[in-house]
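Undergrad: Got a structure for you, written out below as structure tokens; questions coming shortly.
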Amino acid sequence: MRSTGVQWPEEMKIKRIALSFVLLLNLLAIAVAADKPITDDYISDSVRQKLAGDSVVKGGAIEVEVKDGAVTLKGKVQEPRQKAKAERIAKKVKGVKSVANDLQIEKP
């Protein structure tokens, strides 16, 4: 006997239920991950990456210290705009509570 396709809608219901369940699990996982506190190591790594990737700052010579979400920038830059941009970048990183900009401007 050939299938008339009557069972196809039942298979689709099962797939919809399974997909809904998977999406619900993903949403729960995201909600749990969002509640985790941000560590100083995470902040430090994020600030370093953003500084290194910026075309103005070119952050290779900038030291980043983090203590309880308070970021301290140390080192030398060549221009005042690099110092200001480094501070702005650090302030935008998630979890940063404050930024102490101790960068020194040193002309080449």
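In the structure tokens, each chain is lettered A, B, ... as it comes, each chain's residues begin at 1, and ligands are numbered from 1 in order of appearance.
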Skipping near chain neighbours, those fewer than 5 positions away, what residues fall within 10 Å of Arg81 (chain A) using only C-alpha atoms, listed as a ChimeraX atom specification?
TA: /A:56-57,86-87,105
Undergrad: Considering only C-alpha atoms, can you say which of A:Gly69, A:Gly53, A:Pro108, A:Gly75 comes closest to Asp40 (chain A)?
TA: A:Gly69
Undergrad: Find the residues around Ile38 (chain A) up to 10 Å (only C-alpha atoms counted), leave out those fewer than 6 positions away in its own chain, and share them as a PDB file with N, CA and C atoms, in the first residue's frame.
TA:
```
ATOM      1  N   ASP A  68      39.243  44.574  40.297  1.00  0.00           N
ATOM      2  CA  ASP A  68      37.821  44.735  40.608  1.00  0.00           C
ATOM      3  C   ASP A  68      37.097  45.632  39.595  1.00  0.00           C
ATOM      4  N   GLY A  69      37.440  45.477  38.330  1.00  0.00           N
ATOM      5  CA  GLY A  69      36.786  46.238  37.266  1.00  0.00           C
ATOM      6  C   GLY A  69      37.377  47.612  37.013  1.00  0.00           C
ATOM      7  N   LYS A  94      32.851  45.951  28.328  1.00  0.00           N
ATOM      8  CA  LYS A  94      31.850  45.479  29.280  1.00  0.00           C
ATOM      9  C   LYS A  94      32.519  45.077  30.590  1.00  0.00           C
ATOM     10  N   GLY A  95      31.981  45.574  31.693  1.00  0.00           N
ATOM     11  CA  GLY A  95      32.500  45.237  33.014  1.00  0.00           C
ATOM     12  C   GLY A  95      33.445  46.266  33.593  1.00  0.00           C
ATOM     13  N   VAL A  96      33.887  47.232  32.781  1.00  0.00           N
ATOM     14  CA  VAL A  96      34.809  48.265  33.266  1.00  0.00           C
ATOM     15  C   VAL A  96      34.029  49.268  34.112  1.00  0.00           C
TER      16      VAL A  96
END
```
Undergrad: Taking the backbone alone, and naming residues the way the document does, which bits of chain A are helix (DSSP H, G or I) by DSSP, as a PyMOL selection string?
TA: chain A and resi 8-34+40-53+59-61+80-92
Undergrad: With DSSP run on the backbone, what are the strand (DSSP E) residues within region 33-106 of chain A? I'd like them as number ranges by chain.
TA: A: 62-67, 70-77, 98-105
Undergrad: Point out the residue among A:Lys83, A:Lys92, A:Lys58, A:Lys67 with the least atom-to-atom distance to Thr39 (chain A), counting only C-alpha atoms.
TA: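 The answer is A:Lys67, which sits nearest to Thr39 (chain A).
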Undergrad: Identify, on the basis of only C-alpha atoms, every residue whose closest approach to Lys50 (chain A) does not exceed 9 Å; exclude the query and any residue fewer than 2 positions from it along the same chain; express the result as a list of chain:residue names.
TA: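 Counting only the stated atoms, we get A:Asp45, A:Ser46, A:Val47, A:Arg48, A:Ala52, A:Gly53, A:Asp54, A:Gly59, A:Ala86, A:Ile89, A:Ala90, A:Val93.
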Undergrad: Next, write the just-selected residues to a file, as a PDB file, in the first residue's frame, keeping C-alpha atoms as the atom set.
TA:
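The result, stored in out12.pdb:
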```
ATOM      1  CA  ASP A  45      42.069  40.587  27.637  1.00  0.00           C
ATOM      2  CA  SER A  46      39.226  42.550  26.034  1.00  0.00           C
ATOM      3  CA  VAL A  47      40.895  45.920  26.604  1.00  0.00           C
ATOM      4  CA  ARG A  48      44.222  44.649  25.232  1.00  0.00           C
ATOM      5  CA  ALA A  52      45.870  46.408  19.714  1.00  0.00           C
ATOM      6  CA  GLY A  53      43.225  46.435  16.988  1.00  0.00           C
ATOM      7  CA  ASP A  54      42.776  50.207  16.932  1.00  0.00           C
ATOM      8  CA  GLY A  59      48.234  49.426  21.658  1.00  0.00           C
ATOM      9  CA  ALA A  86      42.942  54.451  24.621  1.00  0.00           C
ATOM     10  CA  ILE A  89      38.264  52.303  24.223  1.00  0.00           C
ATOM     11  CA  ALA A  90      38.856  50.954  27.741  1.00  0.00           C
ATOM     12  CA  VAL A  93      34.577  47.382  27.461  1.00  0.00           C
TER      13      VAL A  93
END
```
Undergrad: Which residue, A:Leu73, A:Glu11, A:Arg88, A:Pro80, has the smallest gap to Asn101 (chain A) when you use only C-alpha atoms?
TA: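 Of the candidates, the smallest distance to Asn101 (chain A) is held by A:Leu73.
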